[in-house]
Amino acid sequence: MFEPLTWALVGLSLLAMVYAAVLAARDKRIDWPVLGVLGVVEVGLLAQLVVGIVQLVGTDRDVSGPFFVGYLIGGLLVLPLGALWALAESSRWGAGALAFACLVIPVVEQRLHEIWIA
């Protein structure tokens with residue numbers, strides 16, 4: 001795995017999580033700045049999917065391919081679903097759901113790292 005990209009994704013998603021949690025605490029809807037950060041994270045997750053599959057094909061390590069690719073794809077789907085939920089929900093819980101979706105990304109990244117080095 002490409003470690004700098006992983007750490008950047010974790011940092012940006014945690015930043016977006018804190019911002020969404022503040023919006024939820026203030027009973028506000030999500031806004032363009034948080035959606036912009038999510039867009040950057042999503043592009044990074046797409047790049048990680050491509051890099052991860054290329055590295056998986058070229059490695060001689062004993063990596064569980066289906067689990068690894070499943071986590072790569074799952075991580076790619078979490079933020080758009082959380083953003084759609086947040087946009088559809090007009091109460092503070094929309095921003096709360098987005099904060100939770102942003103918290104899932106570091107967990108997925110940790111699991112990808114565990115699968116890669118195991």
# chains A, B, ... in the order shown; residues from 1 in each chain; ligands from 1
$ residues_around --residues "stretch 51-63 of chain A" --least-positions-apart "6" --cutoff "10 Å" --atoms "only C-alpha atoms" --output "mmCIF file with all heavy atoms, in the first residue's frame"
data_model
loop_
_atom_site.group_PDB
_atom_site.id
_atom_site.type_symbol
_atom_site.label_atom_id
_atom_site.label_comp_id
_atom_site.auth_asym_id
_atom_site.auth_seq_id
_atom_site.Cartn_x
_atom_site.Cartn_y
_atom_site.Cartn_z
ATOM 1 N N MET A 1 0.829 -1.187 0.000
ATOM 2 C CA MET A 1 0.000 0.000 0.000
ATOM 3 C C MET A 1 0.873 1.250 0.000
ATOM 4 O O MET A 1 1.963 1.263 0.546
ATOM 5 C CB MET A 1 -0.880 0.026 1.242
ATOM 6 C CG MET A 1 -1.976 -1.004 1.265
ATOM 7 S SD MET A 1 -3.218 -0.835 -0.013
ATOM 8 C CE MET A 1 -3.838 0.777 0.280
ATOM 9 N N PHE A 2 0.360 2.307 -0.567
ATOM 10 C CA PHE A 2 1.062 3.586 -0.635
ATOM 11 C C PHE A 2 0.723 4.378 0.628
ATOM 12 O O PHE A 2 -0.344 4.972 0.752
ATOM 13 C CB PHE A 2 0.645 4.324 -1.908
ATOM 14 C CG PHE A 2 1.420 5.565 -2.163
ATOM 15 C CD1 PHE A 2 2.788 5.521 -2.342
ATOM 16 C CD2 PHE A 2 0.777 6.783 -2.226
ATOM 17 C CE1 PHE A 2 3.509 6.674 -2.574
ATOM 18 C CE2 PHE A 2 1.486 7.940 -2.465
ATOM 19 C CZ PHE A 2 2.858 7.890 -2.637
ATOM 20 N N LEU A 45 -9.562 8.065 -2.659
ATOM 21 C CA LEU A 45 -9.976 6.657 -2.534
ATOM 22 C C LEU A 45 -10.016 5.958 -3.889
ATOM 23 O O LEU A 45 -9.678 4.774 -4.000
ATOM 24 C CB LEU A 45 -11.346 6.570 -1.855
ATOM 25 C CG LEU A 45 -11.371 6.913 -0.368
ATOM 26 C CD1 LEU A 45 -12.814 7.039 0.123
ATOM 27 C CD2 LEU A 45 -10.622 5.866 0.429
ATOM 28 N N VAL A 69 -9.723 -6.180 -2.163
ATOM 29 C CA VAL A 69 -10.467 -5.420 -3.176
ATOM 30 C C VAL A 69 -11.846 -5.026 -2.633
ATOM 31 O O VAL A 69 -12.341 -3.928 -2.901
ATOM 32 C CB VAL A 69 -10.576 -6.226 -4.487
ATOM 33 C CG1 VAL A 69 -11.481 -5.528 -5.483
ATOM 34 C CG2 VAL A 69 -9.194 -6.434 -5.085
ATOM 35 N N LEU A 72 -11.375 -2.004 -0.554
ATOM 36 C CA LEU A 72 -11.106 -0.856 -1.422
ATOM 37 C C LEU A 72 -12.399 -0.316 -2.032
ATOM 38 O O LEU A 72 -12.639 0.888 -2.043
ATOM 39 C CB LEU A 72 -10.128 -1.242 -2.531
ATOM 40 C CG LEU A 72 -8.666 -1.426 -2.136
ATOM 41 C CD1 LEU A 72 -7.884 -2.031 -3.298
ATOM 42 C CD2 LEU A 72 -8.051 -0.119 -1.690
ATOM 43 N N LEU A 112 -7.420 -2.291 5.682
ATOM 44 C CA LEU A 112 -6.641 -2.515 4.454
ATOM 45 C C LEU A 112 -5.168 -2.702 4.775
ATOM 46 O O LEU A 112 -4.508 -3.579 4.203
ATOM 47 C CB LEU A 112 -6.810 -1.329 3.496
ATOM 48 C CG LEU A 112 -8.061 -1.292 2.650
ATOM 49 C CD1 LEU A 112 -8.231 0.062 2.011
ATOM 50 C CD2 LEU A 112 -8.032 -2.392 1.616
ATOM 51 N N GLU A 114 -3.915 -3.831 7.591
ATOM 52 C CA GLU A 114 -3.762 -5.127 8.241
ATOM 53 C C GLU A 114 -3.779 -6.267 7.225
ATOM 54 O O GLU A 114 -3.018 -7.215 7.336
ATOM 55 C CB GLU A 114 -4.872 -5.351 9.271
ATOM 56 C CG GLU A 114 -4.719 -4.495 10.497
ATOM 57 C CD GLU A 114 -5.917 -4.623 11.430
ATOM 58 O OE1 GLU A 114 -6.871 -5.374 11.109
ATOM 59 O OE2 GLU A 114 -5.918 -3.956 12.476
ATOM 60 N N ILE A 115 -4.665 -6.188 6.258
ATOM 61 C CA ILE A 115 -4.737 -7.235 5.229
ATOM 62 C C ILE A 115 -3.454 -7.230 4.391
ATOM 63 O O ILE A 115 -2.925 -8.282 4.049
ATOM 64 C CB ILE A 115 -5.981 -7.041 4.314
ATOM 65 C CG1 ILE A 115 -7.252 -7.297 5.121
ATOM 66 C CG2 ILE A 115 -5.922 -7.970 3.112
ATOM 67 C CD1 ILE A 115 -8.512 -6.939 4.380
ATOM 68 N N TRP A 116 -2.940 -6.039 4.082
ATOM 69 C CA TRP A 116 -1.760 -5.937 3.215
ATOM 70 C C TRP A 116 -0.507 -6.491 3.875
ATOM 71 O O TRP A 116 0.301 -7.142 3.225
ATOM 72 C CB TRP A 116 -1.554 -4.479 2.800
ATOM 73 C CG TRP A 116 -0.437 -4.321 1.826
ATOM 74 C CD1 TRP A 116 0.798 -3.837 2.064
ATOM 75 C CD2 TRP A 116 -0.453 -4.691 0.446
ATOM 76 N NE1 TRP A 116 1.547 -3.847 0.929
ATOM 77 C CE2 TRP A 116 0.803 -4.372 -0.093
ATOM 78 C CE3 TRP A 116 -1.412 -5.242 -0.392
ATOM 79 C CZ2 TRP A 116 1.132 -4.596 -1.410
ATOM 80 C CZ3 TRP A 116 -1.092 -5.453 -1.726
ATOM 81 C CH2 TRP A 116 0.165 -5.141 -2.219
ATOM 82 N N ILE A 117 -0.324 -6.230 5.154
ATOM 83 C CA ILE A 117 0.918 -6.675 5.802
ATOM 84 C C ILE A 117 0.802 -8.054 6.429
ATOM 85 O O ILE A 117 1.812 -8.590 6.887
ATOM 86 C CB ILE A 117 1.403 -5.657 6.852
ATOM 87 C CG1 ILE A 117 0.398 -5.508 7.985
ATOM 88 C CG2 ILE A 117 1.756 -4.349 6.238
ATOM 89 C CD1 ILE A 117 0.910 -4.683 9.140
ATOM 90 N N ALA A 118 -0.387 -8.616 6.469
ATOM 91 C CA ALA A 118 -0.546 -9.929 7.125
ATOM 92 C C ALA A 118 0.076 -11.047 6.330
ATOM 93 O O ALA A 118 0.358 -11.041 5.226
ATOM 94 C CB ALA A 118 -2.033 -10.223 7.336
#
$ closest_residue --among "A:Leu5, A:Met17, A:Leu98, A:Val108" --to "A:Phe67" --atoms "only C-alpha atoms"
A:Val108
$ closest_residue --among "A:Gly44, A:Pro66, A:Gly96, A:Gly39" --to "A:Ala8" --atoms "only C-alpha atoms"
A:Gly44
$ closest_residue --among "A:Val50, A:Ala95, A:Ile105, A:Ile30" --to "A:Leu12" --atoms "only C-alpha atoms"
A:Ile105
$ closest_residue --among "A:Ser13, A:Ala24, A:Val43, A:Thr6" --to "A:Ala101" --atoms "only C-alpha atoms"
A:Ser13
$ residues_around --residues "A:Leu84" --least-positions-apart "4" --cutoff "12 Å" --atoms "only C-alpha atoms" --output "JSON, numbers by chain"
{"A": [30, 35, 38, 77, 78, 79, 80, 88, 89, 90, 94, 95, 97, 98, 101]}
$ closest_residue --among "A:His113, A:Gln48, A:Arg26, A:Leu103" --to "A:Val10" --atoms "only C-alpha atoms"
A:Leu103
$ closest_residue --among "A:Val40, A:Tyr71, A:Arg29, A:Leu15" --to "A:Gln110" --atoms "only C-alpha atoms"
A:Tyr71
$ atom_distance --atom1 "atom CA of A:Leu9" --atom2 "atom CA of A:Gly65"
21.5 Å
$ atom_distance --atom1 "atom CA of A:Ala25" --atom2 "atom CA of A:Ala99"
11.0 Å
$ select_by_dssp --residues "chain A" --states "helix (DSSP H, G or I)" --output "MDAnalysis selection string"
chainID A and resid 3:25 32:57 65:88 92:117
$ decode --residues "stretch 55-70 of chain A" --atoms "N, CA, C and O atoms" --output "tab-separated table (two decimals), in the first residue's frame"
chain	number	residue	atom	x	y	z
A	55	GLN	N	-0.92	-2.96	-7.31
A	55	GLN	CA	0.04	-3.55	-6.38
A	55	GLN	C	-0.35	-4.99	-6.04
A	55	GLN	O	0.54	-5.83	-5.87
A	56	LEU	N	-1.62	-5.27	-5.94
A	56	LEU	CA	-2.07	-6.63	-5.64
A	56	LEU	C	-1.69	-7.58	-6.77
A	56	LEU	O	-1.23	-8.70	-6.52
A	57	VAL	N	-1.86	-7.14	-8.01
A	57	VAL	CA	-1.52	-7.99	-9.15
A	57	VAL	C	-0.01	-8.22	-9.22
A	57	VAL	O	0.44	-9.31	-9.56
A	58	GLY	N	0.78	-7.22	-8.83
A	58	GLY	CA	2.22	-7.33	-8.96
A	58	GLY	C	2.96	-7.84	-7.73
A	58	GLY	O	4.17	-7.85	-7.73
A	59	THR	N	2.25	-8.27	-6.71
A	59	THR	CA	2.92	-8.68	-5.48
A	59	THR	C	3.03	-10.20	-5.39
A	59	THR	O	2.24	-10.93	-6.00
A	60	ASP	N	4.03	-10.64	-4.65
A	60	ASP	CA	4.15	-12.07	-4.37
A	60	ASP	C	3.80	-12.36	-2.91
A	60	ASP	O	4.02	-13.45	-2.42
A	61	ARG	N	3.23	-11.36	-2.22
A	61	ARG	CA	2.81	-11.53	-0.84
A	61	ARG	C	1.56	-12.40	-0.78
A	61	ARG	O	0.81	-12.50	-1.74
A	62	ASP	N	1.31	-12.94	0.39
A	62	ASP	CA	0.10	-13.73	0.60
A	62	ASP	C	-1.01	-12.81	1.09
A	62	ASP	O	-1.26	-12.70	2.29
A	63	VAL	N	-1.65	-12.11	0.15
A	63	VAL	CA	-2.71	-11.16	0.46
A	63	VAL	C	-4.03	-11.75	0.01
A	63	VAL	O	-4.14	-12.28	-1.10
A	64	SER	N	-5.04	-11.65	0.86
A	64	SER	CA	-6.37	-12.11	0.51
A	64	SER	C	-6.99	-11.12	-0.48
A	64	SER	O	-7.53	-10.08	-0.09
A	65	GLY	N	-6.90	-11.44	-1.75
A	65	GLY	CA	-7.35	-10.55	-2.82
A	65	GLY	C	-8.80	-10.12	-2.72
A	65	GLY	O	-9.10	-8.92	-2.80
A	66	PRO	N	-9.75	-11.07	-2.54
A	66	PRO	CA	-11.16	-10.65	-2.48
A	66	PRO	C	-11.45	-9.71	-1.31
A	66	PRO	O	-12.20	-8.74	-1.48
A	67	PHE	N	-10.87	-9.98	-0.15
A	67	PHE	CA	-11.10	-9.09	0.99
A	67	PHE	C	-10.47	-7.73	0.73
A	67	PHE	O	-11.07	-6.68	1.03
A	68	PHE	N	-9.28	-7.72	0.19
A	68	PHE	CA	-8.55	-6.48	-0.06
A	68	PHE	C	-9.32	-5.61	-1.05
A	68	PHE	O	-9.56	-4.43	-0.79
A	69	VAL	N	-9.72	-6.18	-2.16
A	69	VAL	CA	-10.47	-5.42	-3.18
A	69	VAL	C	-11.85	-5.03	-2.63
A	69	VAL	O	-12.34	-3.93	-2.90
A	70	GLY	N	-12.46	-5.89	-1.83
A	70	GLY	CA	-13.74	-5.57	-1.23
A	70	GLY	C	-13.67	-4.36	-0.32
A	70	GLY	O	-14.55	-3.48	-0.35
